[in-house]
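What follows is a set of notes on a single structure, which appears directly below.
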Amino acid sequence: TTPNLTTSYLMIQRPDGTFVNQIKGDMKDDTRDKASPLAWDYDNDGDMDLAVGKSVGDGGIILYRYSGIAVDYDDVSGEAGFTDRAMTISLTPGDYDNDGDLDLYVCRGGRNTSFLYRNDGDGTFTDVAVQAGVEGDFGPAQDGGCFSAQWADFDNDGDLDLYVPTLPIMNYLYFNNGDGTFTQLATEAGVDFSGHYLGTSIGDYNRDGFVDLLIVGNSGAPNRLARNDGNANHWLAIDLIGTVSNRSAIGARITLVSGSLSQIREIISTTGHVSQNSLTSHFGLGPRLAVDSIEVRWPNGLVESFPPPTSVDQYLTLTEGTGTQLFPLNAAEYFEMYD
């Protein structure tokens with residue numbers, strides 16, 4: 001049968017491990033065709049908002065802000081600045097400018113350029129792709145375009161870089177210059193593969209502290225595993241284990257401070273079209289040899305600080321409930337959604 005792209009479901013996990021569909025409000029009433037769901041805290045208020053790409057029809061992005069009422073979301077797309085109607089295939093969040101909120105790179109299938117929406121910190125976004133140099137040139141629109149992207153600090157210098165596979169033109173690796181602009185160096189880095197590439201996955205498969213790339217081929221293009229050979233920069237990698245929250249800590253946010261450098265990572269299970277990454281959070285530190293603080297906001301609302309490691313260039317595992325509590329868990333609010 002033909003899938004129904006106009007019906008959405010919001011499946012909430014109950015404490016007994018079962019799920020219940022609790023979609024309502026603007027999401028339930030919205031019958032537009034949708035794809036590429038993303039759960040993220042774009043407004044830094046401590047709860048998860050939702051964004052959905054529209055892959056057919058009038059296209060664009062639907063942004064749903066959590067209303068503060070259990071499992072109820074408001075459509076704020078227009079006031080946030082998401083007014084373009086291009087077909088949207090992939091939504092990739094990351095704080096590329098290290099200002100403490102999540103920005104959004106948007107791949108548009110069937111188009112030859114993409115968007116980089118900078119989070120302005122007041123509930124609105126501004127497309128800065130052209131100014132930043134990441135709009136891309138993915139060939140004639142009818143041939144394909146960009147279907148996925150990944151943020152990662154590939155050179156461990158303390159800010160997020162961007163990898164964008166395309167079809168059928170070459171793939172792009174944009175290194176962050178630290179001033180709001182990027183330099184495209186895929187050829188120099190050895191990842192300028194050409195062909196049909198739809199998905200990507202990032203993770204440090206050899207645990208040397210430098211993020212590697214798996215690029216998934218399509219229409220005869222081979223899969224590619226690109227090992228990051230690294231440099232002299234330092235790093236820290238953090239795994240989270242939830243106890244009251246989900247064990248994978250999906251929805252948690254880590255804030256790491258090293259001197260004047262402050263970075264955030266949000267644990268998100270799926271990023272981009274047909275793509276899923278390692279749940280380990282990698283932080284590049286550049287020449288810095290120490291971390292000053294680590295703070296984790298867990299999905300259930302608990303905020304804890306953890307003692308920084310005595311040395312860098314290592315993996316840490318942080319377990320919910322073992323740090324110093326900075327913000328109390330409101331258990332009544334946490335379980336309100338199941339009533």
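Numbering starts fresh at 1 for the residues of each chain in the structure tokens, the chains themselves are lettered A, B, ... in the order given, and ligands are numbered from 1 as they appear.
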Residues of segment 181-238 of chain A that approach segment 263-285 of chain A to 12 Å or less, counting only C-alpha atoms: could you list each one with the shortest pair of atoms and its distance in Å to one decimal, rows by chain and increasing residue number, as a Markdown table?
```
| residue | atom | partner | partner_atom | distance |
| --- | --- | --- | --- | --- |
| A:Tyr197 | CA | A:His273 | CA | 10.7 |
| A:Leu198 | CA | A:His273 | CA | 7.1 |
| A:Gly199 | CA | A:Ser275 | CA | 5.2 |
| A:Thr200 | CA | A:Ser275 | CA | 5.5 |
| A:Ser201 | CA | A:Asn277 | CA | 4.9 |
| A:Ile202 | CA | A:Asn277 | CA | 5.2 |
| A:Gly203 | CA | A:Ser278 | CA | 5.1 |
| A:Asp204 | CA | A:Ser278 | CA | 8.0 |
| A:Tyr205 | CA | A:Ser278 | CA | 9.1 |
| A:Arg207 | CA | A:Thr280 | CA | 10.7 |
| A:Asp208 | CA | A:His282 | CA | 11.2 |
| A:Gly209 | CA | A:His282 | CA | 7.7 |
| A:Phe210 | CA | A:His282 | CA | 8.2 |
| A:Val211 | CA | A:His282 | CA | 7.7 |
| A:Asp212 | CA | A:Ser278 | CA | 10.4 |
| A:Leu213 | CA | A:Asn277 | CA | 9.6 |
| A:Leu214 | CA | A:Asn277 | CA | 9.5 |
| A:Ile215 | CA | A:Ser275 | CA | 9.4 |
| A:Val216 | CA | A:Ser275 | CA | 8.8 |
| A:Gly217 | CA | A:Val274 | CA | 11.3 |
| A:Asn218 | CA | A:Val274 | CA | 11.6 |
| A:Gly230 | CA | A:Gly284 | CA | 11.2 |
| A:Asn231 | CA | A:Gly284 | CA | 11.2 |
| A:Ala232 | CA | A:Leu285 | CA | 10.4 |
| A:Asn233 | CA | A:Leu285 | CA | 6.7 |
| A:His234 | CA | A:Leu285 | CA | 5.1 |
| A:Trp235 | CA | A:Gly284 | CA | 4.5 |
| A:Leu236 | CA | A:Phe283 | CA | 5.3 |
| A:Ala237 | CA | A:His282 | CA | 4.4 |
| A:Ile238 | CA | A:Ser281 | CA | 5.2 |
```
Next item on the list: Would you list, as a list in words, the residues of segment 100-192 of chain A that end up in alpha helix (DSSP H) under DSSP run on this structure's backbone?
Entry: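 Answer for segment 100-192 of chain A, restricted to alpha helix (DSSP H): Ala129, Val130, Gln131, Ala132, Ala186, Thr187, Glu188 and Ala189 of chain A.
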Can you list, as a compact mmCIF listing (two decimals) with all heavy atoms, in the first residue's frame, all residues belonging to segment 120-191 of chain A that DSSP tags as strand (DSSP E or B)?
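Full text of out.txt as output:
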```txt
# COMPACT_ATOMS: atom_id res chain seq x y z
N PHE A 125 15.56 32.58 13.50
CA PHE A 125 16.71 32.08 12.77
C PHE A 125 16.95 32.95 11.54
O PHE A 125 16.01 33.50 10.95
CB PHE A 125 16.48 30.64 12.32
CG PHE A 125 16.43 29.64 13.44
CD1 PHE A 125 15.29 29.50 14.21
CD2 PHE A 125 17.53 28.83 13.73
CE1 PHE A 125 15.24 28.57 15.25
CE2 PHE A 125 17.49 27.91 14.76
CZ PHE A 125 16.35 27.78 15.53
N THR A 126 18.22 33.05 11.14
CA THR A 126 18.60 33.80 9.95
C THR A 126 19.44 32.91 9.04
O THR A 126 20.40 32.28 9.51
CB THR A 126 19.41 35.06 10.32
OG1 THR A 126 18.63 35.89 11.18
CG2 THR A 126 19.80 35.83 9.07
N ASP A 127 19.09 32.84 7.77
CA ASP A 127 19.87 32.05 6.83
C ASP A 127 21.16 32.80 6.49
O ASP A 127 21.12 33.88 5.91
CB ASP A 127 19.07 31.78 5.56
CG ASP A 127 19.87 31.02 4.52
OD1 ASP A 127 20.81 30.30 4.91
OD2 ASP A 127 19.56 31.15 3.31
N GLY A 145 21.14 16.83 -5.56
CA GLY A 145 21.40 17.86 -4.56
C GLY A 145 21.94 17.25 -3.29
O GLY A 145 22.60 16.21 -3.29
N CYS A 146 21.68 17.90 -2.18
CA CYS A 146 22.17 17.49 -0.87
C CYS A 146 21.07 16.74 -0.13
O CYS A 146 19.95 17.24 -0.03
CB CYS A 146 22.61 18.73 -0.11
SG CYS A 146 22.74 18.55 1.66
N GLN A 150 26.55 16.42 8.24
CA GLN A 150 26.96 16.13 9.62
C GLN A 150 27.86 17.23 10.13
O GLN A 150 28.79 17.67 9.44
CB GLN A 150 27.70 14.79 9.71
CG GLN A 150 26.90 13.58 9.31
CD GLN A 150 25.74 13.28 10.24
OE1 GLN A 150 25.65 13.84 11.33
NE2 GLN A 150 24.85 12.40 9.83
N TRP A 151 27.57 17.66 11.37
CA TRP A 151 28.47 18.55 12.10
C TRP A 151 29.42 17.71 12.95
O TRP A 151 28.99 16.79 13.64
CB TRP A 151 27.70 19.46 13.04
CG TRP A 151 26.81 20.49 12.43
CD1 TRP A 151 25.45 20.48 12.38
CD2 TRP A 151 27.22 21.72 11.80
NE1 TRP A 151 24.97 21.60 11.76
CE2 TRP A 151 26.03 22.39 11.41
CE3 TRP A 151 28.46 22.31 11.55
CZ2 TRP A 151 26.07 23.63 10.76
CZ3 TRP A 151 28.48 23.54 10.91
CH2 TRP A 151 27.30 24.19 10.52
N ALA A 152 30.70 18.03 12.93
CA ALA A 152 31.68 17.41 13.83
C ALA A 152 32.94 18.27 13.82
O ALA A 152 33.24 18.93 12.82
CB ALA A 152 32.02 15.98 13.39
N ASP A 161 32.88 21.61 12.34
CA ASP A 161 33.01 21.63 10.90
C ASP A 161 31.79 20.92 10.29
O ASP A 161 30.97 20.35 11.01
CB ASP A 161 34.31 20.94 10.49
CG ASP A 161 35.51 21.45 11.29
OD1 ASP A 161 35.75 22.67 11.24
OD2 ASP A 161 36.16 20.65 11.98
N LEU A 162 31.68 20.94 8.97
CA LEU A 162 30.47 20.44 8.32
C LEU A 162 30.83 19.57 7.12
O LEU A 162 31.57 20.00 6.23
CB LEU A 162 29.62 21.63 7.85
CG LEU A 162 28.30 21.33 7.14
CD1 LEU A 162 27.32 20.66 8.09
CD2 LEU A 162 27.71 22.62 6.58
N TYR A 163 30.30 18.34 7.11
CA TYR A 163 30.48 17.46 5.95
C TYR A 163 29.15 17.29 5.24
O TYR A 163 28.12 17.00 5.87
CB TYR A 163 31.01 16.09 6.38
CG TYR A 163 31.40 15.23 5.19
CD1 TYR A 163 32.56 15.50 4.47
CD2 TYR A 163 30.60 14.16 4.78
CE1 TYR A 163 32.92 14.73 3.38
CE2 TYR A 163 30.96 13.39 3.68
CZ TYR A 163 32.12 13.68 2.98
OH TYR A 163 32.47 12.92 1.89
N VAL A 164 29.16 17.48 3.91
CA VAL A 164 27.94 17.42 3.11
C VAL A 164 28.14 16.52 1.91
O VAL A 164 28.82 16.90 0.95
CB VAL A 164 27.52 18.83 2.63
CG1 VAL A 164 26.18 18.77 1.90
CG2 VAL A 164 27.45 19.81 3.80
N THR A 166 26.76 14.75 -1.55
CA THR A 166 25.77 15.16 -2.54
C THR A 166 25.66 14.09 -3.62
O THR A 166 26.46 13.16 -3.71
CB THR A 166 26.16 16.49 -3.21
OG1 THR A 166 27.32 16.28 -4.02
CG2 THR A 166 26.46 17.55 -2.17
N LEU A 167 24.67 14.24 -4.46
CA LEU A 167 24.57 13.42 -5.65
C LEU A 167 24.14 14.31 -6.81
O LEU A 167 23.24 15.12 -6.66
CB LEU A 167 23.57 12.27 -5.45
CG LEU A 167 22.08 12.54 -5.21
CD1 LEU A 167 21.28 11.36 -5.69
CD2 LEU A 167 21.77 12.80 -3.74
N TYR A 172 31.42 17.60 0.06
CA TYR A 172 32.03 18.83 0.57
C TYR A 172 32.42 18.66 2.04
O TYR A 172 31.66 18.10 2.82
CB TYR A 172 31.05 20.00 0.45
CG TYR A 172 30.75 20.41 -0.98
CD1 TYR A 172 29.87 19.68 -1.77
CD2 TYR A 172 31.35 21.53 -1.54
CE1 TYR A 172 29.59 20.05 -3.08
CE2 TYR A 172 31.08 21.92 -2.84
CZ TYR A 172 30.19 21.16 -3.61
OH TYR A 172 29.93 21.53 -4.89
N LEU A 173 33.58 19.18 2.40
CA LEU A 173 34.00 19.27 3.80
C LEU A 173 34.36 20.72 4.08
O LEU A 173 35.35 21.24 3.56
CB LEU A 173 35.20 18.35 4.08
CG LEU A 173 35.78 18.44 5.49
CD1 LEU A 173 34.72 18.14 6.55
CD2 LEU A 173 36.97 17.48 5.64
N TYR A 174 33.52 21.36 4.89
CA TYR A 174 33.71 22.76 5.23
C TYR A 174 34.36 22.87 6.60
O TYR A 174 33.76 22.49 7.61
CB TYR A 174 32.37 23.49 5.26
CG TYR A 174 31.64 23.55 3.94
CD1 TYR A 174 30.55 22.71 3.70
CD2 TYR A 174 32.01 24.45 2.95
CE1 TYR A 174 29.86 22.76 2.50
CE2 TYR A 174 31.33 24.52 1.75
CZ TYR A 174 30.25 23.67 1.53
OH TYR A 174 29.57 23.73 0.34
N PHE A 175 35.58 23.38 6.65
CA PHE A 175 36.26 23.60 7.92
C PHE A 175 35.88 24.98 8.47
O PHE A 175 35.89 25.98 7.75
CB PHE A 175 37.77 23.50 7.78
CG PHE A 175 38.26 22.08 7.76
CD1 PHE A 175 38.63 21.46 6.57
CD2 PHE A 175 38.35 21.35 8.94
CE1 PHE A 175 39.07 20.15 6.55
CE2 PHE A 175 38.80 20.04 8.94
CZ PHE A 175 39.15 19.43 7.74
N ASN A 176 35.55 25.00 9.75
CA ASN A 176 35.12 26.22 10.44
C ASN A 176 36.32 27.12 10.70
O ASN A 176 37.30 26.70 11.32
CB ASN A 176 34.43 25.81 11.75
CG ASN A 176 33.64 26.92 12.39
OD1 ASN A 176 33.98 28.09 12.27
ND2 ASN A 176 32.58 26.55 13.09
N PHE A 182 33.43 29.50 6.64
CA PHE A 182 33.99 28.16 6.46
C PHE A 182 34.84 28.13 5.19
O PHE A 182 34.63 28.90 4.26
CB PHE A 182 32.87 27.13 6.33
CG PHE A 182 32.05 26.93 7.58
CD1 PHE A 182 31.09 27.87 7.94
CD2 PHE A 182 32.23 25.82 8.38
CE1 PHE A 182 30.31 27.70 9.07
CE2 PHE A 182 31.47 25.65 9.53
CZ PHE A 182 30.51 26.59 9.87
N THR A 183 35.79 27.18 5.16
CA THR A 183 36.62 26.95 3.98
C THR A 183 36.43 25.52 3.51
O THR A 183 36.54 24.59 4.31
CB THR A 183 38.11 27.20 4.29
OG1 THR A 183 38.28 28.56 4.73
CG2 THR A 183 38.96 26.97 3.05
N GLN A 184 36.12 25.35 2.23
CA GLN A 184 35.84 24.04 1.66
C GLN A 184 37.16 23.35 1.29
O GLN A 184 37.89 23.81 0.42
CB GLN A 184 34.94 24.19 0.42
CG GLN A 184 34.09 22.97 0.10
CD GLN A 184 34.89 21.80 -0.40
OE1 GLN A 184 35.02 20.81 0.33
NE2 GLN A 184 35.44 21.87 -1.61
```
Note to self: Applying 9 Å and only C-alpha atoms, which residues near segment 83-90 of chain A remain after dropping the ones on its own chain fewer than 4 positions away? List them as a PyMOL selection string.
What the structure shows: chain A and resi 34-37+52-61+77-79+105-111+146-149+271-273
